[in-house]
file query_34.cif (mmCIF, C-alpha atoms)
data_my_file
#
loop_
_atom_site.label_atom_id
_atom_site.label_comp_id
_atom_site.auth_asym_id
_atom_site.auth_seq_id
_atom_site.Cartn_x
_atom_site.Cartn_y
_atom_site.Cartn_z
CA MET A 277 113.48 60.34 24.99
CA ASN A 278 109.87 59.57 24.08
CA GLU A 279 109.03 59.10 27.75
CA ILE A 280 110.52 62.48 28.74
CA ILE A 281 108.57 64.26 25.98
CA GLY A 282 105.39 62.40 26.95
CA PHE A 283 105.65 63.34 30.63
CA ILE A 284 106.35 66.99 29.77
CA ILE A 285 103.30 67.14 27.48
CA ILE A 286 101.11 65.49 30.13
CA GLY A 287 102.32 68.05 32.68
CA ILE A 288 101.40 70.91 30.34
CA GLY A 289 97.95 69.38 29.89
CA LEU A 290 97.43 69.08 33.65
CA VAL A 291 98.32 72.74 34.15
CA PHE A 292 95.88 73.76 31.41
CA ASP A 293 93.11 71.70 33.05
CA LEU A 294 93.77 73.34 36.42
CA PHE A 295 93.72 76.86 34.93
CA GLY A 296 90.50 76.13 33.06
CA CYS A 297 88.76 75.02 36.24
CA ILE A 298 90.07 78.05 38.16
CA GLY A 299 88.57 80.20 35.38
CA LEU A 300 85.31 78.27 35.74
CA VAL A 301 85.15 79.30 39.40
CA ARG A 302 86.51 82.86 39.17
CA MET A 303 84.78 84.31 36.09
CA PRO A 304 81.66 86.45 36.61
CA ASN A 305 79.25 85.27 33.91
CA VAL A 306 78.06 82.18 32.04
CA TYR A 307 79.67 83.19 28.75
CA THR A 308 83.04 84.10 30.24
CA ARG A 309 83.03 80.88 32.27
CA LEU A 310 82.25 78.90 29.14
CA GLN A 311 84.98 80.65 27.18
CA ALA A 312 87.61 80.15 29.88
CA ALA A 313 86.79 76.60 30.80
CA THR A 314 86.02 75.00 27.45
CA LYS A 315 89.12 76.14 25.58
CA CYS A 316 91.55 75.36 28.40
CA VAL A 317 90.08 71.97 29.30
CA THR A 318 89.79 70.85 25.67
CA LEU A 319 93.44 71.69 25.00
CA GLY A 320 94.50 70.16 28.33
CA THR A 321 92.72 66.86 27.77
CA CYS A 322 93.94 66.60 24.17
CA SER A 323 97.45 67.24 25.44
CA ILE A 324 97.19 64.52 28.11
CA LEU A 325 96.01 62.06 25.45
CA PHE A 326 98.84 63.13 23.14
CA GLY A 327 101.26 62.46 25.99
CA VAL A 328 99.82 58.94 26.28
CA LEU A 329 100.44 58.54 22.55
CA CYS A 330 104.06 59.65 23.00
CA LEU A 331 104.55 57.27 25.94
CA SER A 332 103.11 54.17 24.31
CA GLY A 333 104.00 54.66 20.62
CA PHE A 334 101.83 53.53 17.73
CA ASP A 335 100.36 50.39 19.25
CA SER A 336 96.65 49.94 19.93
CA THR A 337 96.80 52.17 23.02
CA GLY A 338 98.34 55.08 21.09
CA LEU A 339 95.90 54.74 18.21
CA LYS A 340 92.96 54.74 20.60
CA ALA A 341 94.38 57.85 22.25
CA LEU A 342 94.58 59.44 18.77
CA ILE A 343 90.94 58.55 18.08
CA CYS A 344 89.98 60.03 21.44
CA ILE A 345 91.91 63.25 20.62
CA ALA A 346 89.99 63.62 17.36
CA PHE A 347 86.69 62.98 19.10
CA VAL A 348 87.28 65.42 21.95
CA ALA A 349 88.54 68.12 19.58
CA VAL A 350 85.36 67.84 17.49
CA THR A 351 82.68 67.34 20.14
CA SER A 352 83.75 69.62 22.99
CA PRO A 353 83.49 72.94 21.05
CA THR A 354 80.21 71.74 19.55
CA ALA A 355 78.72 71.12 22.97
CA ALA A 356 80.03 74.47 24.21
CA HIS A 357 78.44 76.26 21.25
CA ALA A 358 75.12 74.54 21.91
CA ILE A 359 75.22 75.45 25.62
CA ALA A 360 76.06 79.10 24.81
CA ARG A 361 73.14 79.35 22.38
CA ALA A 362 70.86 77.66 24.90
CA SER A 363 71.88 80.00 27.71
CA HIS A 364 71.16 83.01 25.50
CA LYS A 365 67.71 81.64 24.73
CA PHE A 366 67.29 80.71 28.40
CA GLY A 367 67.50 84.42 29.23
CA VAL A 368 70.91 84.92 30.78
CA SER A 369 71.98 88.47 29.93
CA VAL A 370 75.55 89.46 29.09
CA HIS A 371 77.80 91.16 31.62
CA LYS A 372 76.85 94.73 32.59
CA ASP A 373 80.09 96.16 31.18
CA ALA A 374 79.71 94.47 27.79
CA VAL A 375 79.46 96.94 24.93
CA VAL A 376 77.76 94.87 22.23
CA ASP A 377 75.66 91.72 21.88
CA ARG A 378 75.70 90.81 18.19
CA TYR A 379 73.66 87.64 18.59
CA ASP A 380 70.83 89.54 20.27
CA GLU A 381 70.76 92.15 17.46
CA GLU A 382 70.87 89.40 14.84
CA VAL A 383 67.99 87.48 16.41
CA ASP A 384 65.84 90.63 16.77
CA HIS A 385 66.50 91.65 13.17
CA HIS A 386 65.72 88.16 11.93
CA GLU A 387 62.43 88.01 13.85
CA GLU A 388 61.34 91.43 12.54
CA GLY A 389 62.08 90.25 9.02
CA GLU A 390 60.03 87.15 9.60
CA THR A 391 57.01 88.96 10.95
CA LEU A 392 57.08 91.44 8.04
CA MET B 47 111.73 55.65 35.46
CA ASP B 48 108.95 53.63 37.07
CA THR B 49 109.29 55.39 40.42
CA PHE B 50 109.21 58.73 38.67
CA ALA B 51 106.08 57.63 36.81
CA TYR B 52 104.34 56.66 40.06
CA VAL B 53 105.16 60.02 41.68
CA PHE B 54 104.09 61.84 38.51
CA ALA B 55 100.80 59.93 38.42
CA CYS B 56 100.12 60.77 42.09
CA ILE B 57 100.68 64.49 41.39
CA ALA B 58 98.49 64.20 38.27
CA PHE B 59 95.65 62.61 40.25
CA GLY B 60 95.96 65.35 42.86
CA LEU B 61 95.72 68.13 40.28
CA LEU B 62 92.83 66.50 38.42
CA THR B 63 90.95 65.87 41.65
CA PHE B 64 91.39 69.50 42.66
CA SER B 65 90.07 70.59 39.24
CA ALA B 66 87.09 68.25 39.64
CA VAL B 67 86.38 69.71 43.09
CA LEU B 68 86.35 73.21 41.54
CA CYS B 69 83.85 71.94 38.94
CA LEU B 70 81.70 70.44 41.70
CA TYR B 71 81.78 73.80 43.49
CA ARG B 72 80.41 75.44 40.34
CA ILE B 73 77.76 72.72 39.97
CA GLY B 74 76.63 73.26 43.54
CA MET B 75 76.85 77.04 43.80
CA GLY B 76 76.08 78.06 40.19
CA PRO B 77 73.49 80.84 40.20
CA THR B 78 71.73 79.80 36.99
CA ALA B 79 71.02 76.51 35.23
CA PRO B 80 73.41 77.08 32.27
CA ASP B 81 76.30 77.47 34.77
CA ARG B 82 75.60 73.97 36.02
CA ALA B 83 75.36 72.64 32.46
CA VAL B 84 78.77 74.15 31.62
CA ALA B 85 80.32 72.65 34.75
CA ILE B 86 78.89 69.19 33.98
CA ASP B 87 80.32 69.37 30.44
CA ILE B 88 83.75 70.35 31.78
CA LEU B 89 83.64 67.57 34.40
CA GLY B 90 82.97 65.02 31.66
CA THR B 91 86.01 66.24 29.72
CA LEU B 92 88.18 66.10 32.86
CA LEU B 93 87.25 62.45 33.45
CA ILE B 94 88.71 61.58 30.03
CA GLY B 95 92.02 62.92 31.37
CA PHE B 96 91.56 60.72 34.47
CA CYS B 97 91.16 57.68 32.21
CA ALA B 98 94.30 58.60 30.23
CA VAL B 99 96.45 58.88 33.38
CA LEU B 100 94.96 55.60 34.68
CA ALA B 101 96.00 53.96 31.40
CA ILE B 102 99.66 54.93 31.94
CA VAL B 103 99.80 53.72 35.55
CA THR B 104 98.02 50.46 34.74
CA GLY B 105 100.53 49.70 31.99
CA ILE B 106 103.46 50.24 34.35
CA VAL B 107 101.93 48.09 37.08
CA GLU B 108 101.33 45.18 34.74
CA VAL B 109 104.81 45.41 33.20
CA ALA B 110 106.28 45.27 36.71
CA GLY B 111 104.13 42.19 37.31
CA GLY B 112 105.67 40.48 34.29
CA SER B 113 103.18 39.96 31.46
CA LYS B 114 103.35 42.52 28.64
CA PHE B 115 100.32 41.15 26.77
CA VAL B 116 98.09 41.73 29.79
CA ALA B 117 99.59 45.22 30.11
CA ALA B 118 98.58 46.18 26.56
CA ARG B 119 95.07 44.85 27.07
CA MET B 120 94.61 46.73 30.34
CA ARG B 121 95.75 50.01 28.77
CA ASP B 122 93.27 49.46 25.96
CA PHE B 123 90.55 48.94 28.50
CA TYR B 124 90.93 52.39 30.08
CA LEU B 125 91.09 54.15 26.71
CA ASN B 126 87.94 52.32 25.62
CA VAL B 127 86.31 53.78 28.72
CA ALA B 128 87.60 57.23 27.71
CA ILE B 129 86.16 57.00 24.17
CA ALA B 130 82.76 55.81 25.43
CA TRP B 131 82.76 58.55 28.07
CA ALA B 132 83.47 61.20 25.43
CA LEU B 133 80.50 60.00 23.35
CA LEU B 134 78.08 59.90 26.27
CA SER B 135 79.23 63.25 27.66
CA PHE B 136 78.69 64.89 24.26
CA ILE B 137 75.19 63.44 23.94
CA GLY B 138 74.36 64.52 27.48
CA SER B 139 75.55 68.08 26.88
CA ILE B 140 73.52 68.38 23.68
CA ALA B 141 70.44 67.05 25.50
CA LEU B 142 70.93 69.57 28.33
CA ALA B 143 71.30 72.40 25.79
CA LYS B 144 68.12 71.39 23.99
CA PHE B 145 66.32 71.18 27.32
CA LEU B 146 67.49 74.68 28.31
CA GLU B 147 66.31 76.08 24.99
CA GLY B 148 62.86 74.78 25.80
CA LYS B 149 62.63 72.52 22.78
CA GLY B 150 61.82 68.84 22.51
CA PHE B 151 64.56 66.33 21.74
CA ASP B 152 63.41 65.73 18.16
CA GLU B 153 63.56 69.32 16.87
#

call {"tool": "encode", "arguments": {"input": "query_34.cif", "output": "structure tokens"}}
result
Amino acid sequence: MNEIIGFIIIGIGLVFDLFGCIGLVRMPNVYTRLQAATKCVTLGTCSILFGVLCLSGFDSTGLKALICIAFVAVTSPTAAHAIARASHKFGVSVHKDAVVDRYDEEVDHHEEGETL
Amino acid sequence: MDTFAYVFACIAFGLLTFSAVLCLYRIGMGPTAPDRAVAIDILGTLLIGFCAVLAIVTGIVEVAGGSKFVAARMRDFYLNVAIAWALLSFIGSIALAKFLEGKGFDE
């Protein structure tokens, strides 16, 4: 029973990884690519590791998979946030159909406040 | 169950390799530098999934060979690789982000 559940969860994770990478290729802009790829691939990889935990039980392999789940779930959104901030400062503009850019307004307002 | 696991692992390697090829396409053809940084970050996370699938197949191979103690140690080995890869990929992504912002590494 554990093996069946583990293989099903690993299959779900593989499908999420594939959809994240298709979004990485198909999306039009850095921010949309980041949003599509990071969420899907983080969930997919955590799900594959959780499937390994289900397959092997709570021995050393399963506990290391659990540690790896915690680490990926903390560090991958952090890195994505840093890359998004860096690409905004690098000068990549938002998509031409976007209606609002709150971070740009916030940064401009903050810099005006600093110079005054 | 073992035959099913082998077939499942082959399909898993196929899907992950196709995803990695899509990431490599974005690394090669990305119009700006942050696109390439995003694709490198995603490729690092995909390789953790590779290590997890390798851990399953290695355990099955060693159990079929006979020694369960060796099997547990080999599975541990691939997950150690996965944990170390997660650490180094995170540090590399943060360094790339700092570099794109135009700052030094100590700010």

call {"tool": "interface_residues", "arguments": {"input": "query_34.cif", "of": "chain A", "to": "chain B", "cutoff": "8 Å", "atoms": "only C-alpha atoms", "output": "ChimeraX atom specification"}}
result
/A:287,290,293-294,297-298,300-301,306,309-310,313-314,317-318,321,324-325,328,336-337,340-341,343-344,347-348,351-352,355-356,358-359,361-363,365-366

call {"tool": "atom_distance", "arguments": {"input": "query_34.cif", "atom1": "atom CA of Leu331 of chain A", "atom2": "atom CA of Leu100 of chain B"}}
result
13.1 Å

call {"tool": "axis_aligned_box", "arguments": {"input": "query_34.cif", "around": "segment 305-320 of chain A", "padding_each_side": "8 Å", "output": "JSON"}}
result
{"center_x": 86.3, "center_y": 77.7, "center_z": 29.5, "size_x": 32.4, "size_y": 31.1, "size_z": 24.9}

call {"tool": "atom_distance", "arguments": {"input": "query_34.cif", "atom1": "atom CA of Arg378 of chain A", "atom2": "atom CA of Ala360 of chain A"}}
result
13.5 Å

call {"tool": "atom_distance", "arguments": {"input": "query_34.cif", "atom1": "atom CA of Glu381 of chain A", "atom2": "atom CA of Met303 of chain A"}}
result
24.6 Å

call {"tool": "closest_residue", "arguments": {"input": "query_34.cif", "among": "A:Cys316, A:Val383, A:Ala374, A:Leu329", "to": "Glu279 of chain A", "atoms": "all atoms listed in the file"}}
result
A:Leu329

call {"tool": "closest_residue", "arguments": {"input": "query_34.cif", "among": "A:Phe334, A:Phe283, A:Phe295, A:Tyr307", "to": "Val370 of chain A", "atoms": "all atoms listed in the file"}}
result
A:Tyr307
